[in-house]
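Enquirer: input16.cif is the file, holding mmCIF, C-alpha atoms and all ligand atoms:
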data_model
#
loop_
_atom_site.group_PDB
_atom_site.id
_atom_site.type_symbol
_atom_site.label_atom_id
_atom_site.label_comp_id
_atom_site.auth_asym_id
_atom_site.auth_seq_id
_atom_site.Cartn_x
_atom_site.Cartn_y
_atom_site.Cartn_z
ATOM 1 C CA MET Z 207 28.467 -5.749 8.357
ATOM 2 C CA SER Z 208 30.527 -4.089 5.641
ATOM 3 C CA MET Z 209 29.792 -2.497 2.290
ATOM 4 C CA ALA Z 210 31.561 -0.786 -0.584
ATOM 5 C CA ASN Z 211 32.863 2.686 0.175
ATOM 6 C CA ASP Z 212 30.879 4.406 -2.585
ATOM 7 C CA LEU Z 213 27.703 2.948 -1.092
ATOM 8 C CA VAL Z 214 28.615 4.330 2.327
ATOM 9 C CA VAL Z 215 29.287 7.766 0.809
ATOM 10 C CA GLN Z 216 25.893 7.787 -0.908
ATOM 11 C CA LEU Z 217 24.185 6.412 2.200
ATOM 12 C CA ASP Z 218 25.653 9.183 4.346
ATOM 13 C CA ARG Z 219 24.498 11.771 1.820
ATOM 14 C CA MET Z 220 20.961 10.346 2.015
ATOM 15 C CA VAL Z 221 21.123 10.335 5.829
ATOM 16 C CA ARG Z 222 21.866 14.087 5.729
ATOM 17 C CA GLU Z 223 19.308 14.907 3.017
ATOM 18 C CA LYS Z 224 16.479 12.948 4.646
ATOM 19 C CA GLY Z 225 17.310 14.117 8.150
ATOM 20 C CA TYR Z 226 17.976 10.762 9.808
ATOM 21 C CA ALA Z 227 19.632 11.010 13.214
ATOM 22 C CA ASN Z 228 22.408 8.686 12.052
ATOM 23 C CA ARG Z 229 23.404 5.953 9.612
ATOM 24 C CA SER Z 230 22.047 3.141 11.812
ATOM 25 C CA GLN Z 231 18.595 4.701 11.888
ATOM 26 C CA ALA Z 232 18.572 4.983 8.093
ATOM 27 C CA VAL Z 233 19.753 1.388 7.581
ATOM 28 C CA SER Z 234 17.158 0.081 10.073
ATOM 29 C CA GLU Z 235 14.408 1.859 8.171
ATOM 30 C CA LEU Z 236 15.615 0.450 4.854
ATOM 31 C CA VAL Z 237 15.732 -3.066 6.315
ATOM 32 C CA ARG Z 238 12.239 -2.765 7.816
ATOM 33 C CA ASP Z 239 10.889 -1.569 4.470
ATOM 34 C CA ARG Z 240 12.453 -4.535 2.677
ATOM 35 C CA LEU Z 241 11.218 -6.975 5.323
ATOM 36 C CA VAL Z 242 7.656 -5.689 4.925
ATOM 37 C CA SER Z 243 7.862 -6.405 1.162
ATOM 38 C CA HIS Z 244 9.543 -9.760 1.679
ATOM 39 C CA ASN Z 245 7.083 -10.941 4.337
ATOM 40 C CA ALA Z 246 4.121 -9.843 2.214
ATOM 41 C CA GLU Z 247 5.187 -12.454 -0.353
ATOM 42 C CA LYS Z 248 4.119 -15.143 2.157
ATOM 43 C CA VAL Z 249 0.391 -15.734 1.667
ATOM 44 C CA ASP Z 250 -0.293 -16.441 5.360
ATOM 45 C CA GLN Z 251 1.547 -13.355 6.642
ATOM 46 C CA GLU Z 252 -0.737 -10.885 8.414
ATOM 47 C CA ILE Z 253 -0.422 -7.481 6.718
ATOM 48 C CA ALA Z 254 -2.061 -4.086 6.862
ATOM 49 C CA GLY Z 255 -2.291 -1.629 4.014
ATOM 50 C CA THR Z 256 -4.321 0.679 1.847
ATOM 51 C CA ILE Z 257 -5.859 0.293 -1.571
ATOM 52 C CA THR Z 258 -6.205 3.585 -3.446
ATOM 53 C CA LEU Z 259 -8.344 3.730 -6.557
ATOM 54 C CA VAL Z 260 -9.601 6.378 -8.953
ATOM 55 C CA TYR Z 261 -12.612 5.902 -11.210
ATOM 56 C CA ASP Z 262 -15.274 7.816 -13.124
ATOM 57 C CA HIS Z 263 -18.544 7.313 -11.285
ATOM 58 C CA HIS Z 264 -20.510 8.052 -14.495
ATOM 59 C CA ARG Z 265 -19.280 4.791 -15.977
ATOM 60 C CA PRO Z 266 -22.118 2.281 -15.918
ATOM 61 C CA LEU Z 267 -22.007 -0.330 -13.129
ATOM 62 C CA ILE Z 268 -18.609 0.612 -11.713
ATOM 63 C CA GLN Z 269 -19.945 1.820 -8.374
ATOM 64 C CA ALA Z 270 -22.194 -1.242 -7.947
ATOM 65 C CA LEU Z 271 -19.334 -3.541 -8.907
ATOM 66 C CA LEU Z 272 -16.913 -1.971 -6.427
ATOM 67 C CA THR Z 273 -19.557 -2.037 -3.696
ATOM 68 C CA ASP Z 274 -20.243 -5.733 -4.395
ATOM 69 C CA ILE Z 275 -16.557 -6.612 -4.132
ATOM 70 C CA GLN Z 276 -16.223 -4.650 -0.888
ATOM 71 C CA HIS Z 277 -19.297 -6.316 0.661
ATOM 72 C CA ASP Z 278 -17.812 -9.715 -0.205
ATOM 73 C CA HIS Z 279 -14.643 -8.830 1.719
ATOM 74 C CA GLY Z 280 -15.976 -7.013 4.779
ATOM 75 C CA ASP Z 281 -13.577 -9.037 6.934
ATOM 76 C CA LEU Z 282 -10.545 -7.574 5.115
ATOM 77 C CA ILE Z 283 -11.689 -3.944 4.761
ATOM 78 C CA ILE Z 284 -11.556 -2.115 8.086
ATOM 79 C CA SER Z 285 -12.340 1.389 6.854
ATOM 80 C CA SER Z 286 -12.927 3.316 3.656
ATOM 81 C CA MET Z 287 -12.958 6.897 2.476
ATOM 82 C CA HIS Z 288 -14.601 8.264 -0.653
ATOM 83 C CA VAL Z 289 -13.528 11.618 -2.089
ATOM 84 C CA HIS Z 290 -15.308 13.311 -5.024
ATOM 85 C CA LEU Z 291 -12.245 14.635 -6.858
ATOM 86 C CA ASP Z 292 -14.207 16.528 -9.520
ATOM 87 C CA HIS Z 293 -17.453 16.205 -11.515
ATOM 88 C CA HIS Z 294 -16.391 12.841 -12.945
ATOM 89 C CA ASN Z 295 -13.679 11.343 -10.811
ATOM 90 C CA CYS Z 296 -13.903 9.629 -7.451
ATOM 91 C CA MET Z 297 -11.039 8.486 -5.287
ATOM 92 C CA GLU Z 298 -11.486 5.693 -2.764
ATOM 93 C CA VAL Z 299 -9.029 4.704 -0.089
ATOM 94 C CA LEU Z 300 -9.641 1.359 1.602
ATOM 95 C CA ALA Z 301 -7.810 0.444 4.786
ATOM 96 C CA VAL Z 302 -7.220 -3.300 4.754
ATOM 97 C CA ARG Z 303 -5.879 -5.925 7.138
ATOM 98 C CA GLY Z 304 -5.615 -9.678 6.836
ATOM 99 C CA LYS Z 305 -3.615 -12.522 5.352
ATOM 100 C CA SER Z 306 -1.391 -11.285 2.553
ATOM 101 C CA GLY Z 307 -2.722 -13.752 -0.030
ATOM 102 C CA GLN Z 308 -6.345 -12.771 0.614
ATOM 103 C CA VAL Z 309 -5.643 -9.031 0.687
ATOM 104 C CA GLN Z 310 -3.647 -9.175 -2.554
ATOM 105 C CA ALA Z 311 -6.296 -11.271 -4.317
ATOM 106 C CA MET Z 312 -8.974 -8.764 -3.314
ATOM 107 C CA ALA Z 313 -6.772 -5.839 -4.389
ATOM 108 C CA ASP Z 314 -6.223 -7.488 -7.793
ATOM 109 C CA GLN Z 315 -9.980 -7.879 -8.180
ATOM 110 C CA ILE Z 316 -10.627 -4.211 -7.307
ATOM 111 C CA VAL Z 317 -7.772 -2.715 -9.330
ATOM 112 C CA SER Z 318 -8.658 -4.756 -12.418
ATOM 113 C CA ALA Z 319 -12.391 -3.906 -12.210
ATOM 114 C CA LYS Z 320 -13.633 -2.437 -15.482
ATOM 115 C CA GLY Z 321 -13.696 1.344 -15.187
ATOM 116 C CA VAL Z 322 -10.969 1.763 -12.585
ATOM 117 C CA LYS Z 323 -8.502 4.314 -14.012
ATOM 118 C CA HIS Z 324 -5.761 3.614 -11.497
ATOM 119 C CA GLY Z 325 -5.518 1.507 -8.408
ATOM 120 C CA LYS Z 326 -2.740 0.348 -6.135
ATOM 121 C CA LEU Z 327 -2.240 -1.691 -2.984
ATOM 122 C CA THR Z 328 0.331 -0.304 -0.580
ATOM 123 C CA VAL Z 329 1.426 -2.867 1.993
ATOM 124 C CA THR Z 330 2.659 -1.978 5.431
ATOM 125 C CA SER Z 331 3.328 -3.788 8.681
ATOM 126 C CA THR Z 332 0.624 -4.573 11.250
ATOM 127 C CA GLY Z 333 3.181 -3.132 13.652
ATOM 128 C CA LYS Z 334 3.592 -6.416 15.537
ATOM 129 C CA ASP Z 335 6.726 -7.467 13.650
ATOM 130 C CA PHE Z 336 8.956 -4.655 14.853
ATOM 131 C CA SER Z 337 9.788 -3.515 18.358
ATOM 132 C CA LYS Z 338 10.050 0.113 17.156
HETATM 133 NI NI NI F 1 -17.508 10.397 -5.779
#
Kindly transcribe the structure held in the file into structure tokens.

Expert:
Amino acid sequence: MSMANDLVVQLDRMVREKGYANRSQAVSELVRDRLVSHNAEKVDQEIAGTITLVYDHHRPLIQALLTDIQHDHGDLIISSMHVHLDHHNCMEVLAVRGKSGQVQAMADQIVSAKGVKHGKLTVTSTGKDFSK
């Protein structure tokens, strides 16, 4: 593998700044990160991840709506955490696992629910794809 010298210079700077043991470790991590994103584009790929959302629990129906969606997808949601951020705002973190297409469809449904201020699916590996 070869790459332009200015890329190598910048890569080595990042290796130092981020504290990687060496260039190979940094490149492996970058490749794994890209593979996770790439594989998640395949609807049948098994993925794990988290959905984080923030909403105002005073808004009518939002809590019932989110609970309904979560009950409909109990097979995809393996754990959840609810944090009362302040008097109005709640944050929920859902740990999810399942086929990429199903997880992303559910995440779209949750994030686009009326009353959700911000929501985001973060995809990671189930861990089975990589030896380390
Ligand atoms: Ni709350």

Enquirer: From the list Z:Gln269, Z:His263, Z:Gly280, Z:Leu291, which residue is nearest Z:Gly304 when using only C-alpha atoms?

Expert: Z:Gly280

Enquirer: Which one is closest to ligand NI 1 (chain F): Z:Ala313, Z:Val329, Z:Ile283, Z:Leu259? Count only C-alpha atoms and all ligand atoms.

Expert: Z:Leu259

Enquirer: Would you mind listing what lies within 8 Å of stretch 272-276 of chain Z as a list in words, with all atoms listed in the file counted and same-chain residues fewer than 4 positions away left out?

Expert: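 The neighbour list is Ile268, Gly280, Ile283, Met312, Gln315, Ile316 and Ala319 of chain Z.
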
Enquirer: Can you pull out the residues contacting Z:Glu298? Cut-off 12 Å, using only C-alpha atoms, and skip same-chain residues under 4 positions away; I want them as a PyMOL selection string.

Expert: chain Z and resi 256-263+269+272-273+276+285-291+316-317+322-327

Enquirer: As an exercise, work out the distance from atom CA of Z:Arg303 to atom CA of Z:Leu267 in Å and give it to one decimal place.

Expert: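 According to the coordinates, atom CA of Z:Arg303 and atom CA of Z:Leu267 are separated by 26.5 Å.
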
Enquirer: Using the chain letters and numbers from the file, give me the residues hit by the PyMOL selection byres (((chain Z and resi 253) around 8) and not hetatm), as a ChimeraX atom specification.

Expert: /Z:246,251-252,254-255,303-306,329-332
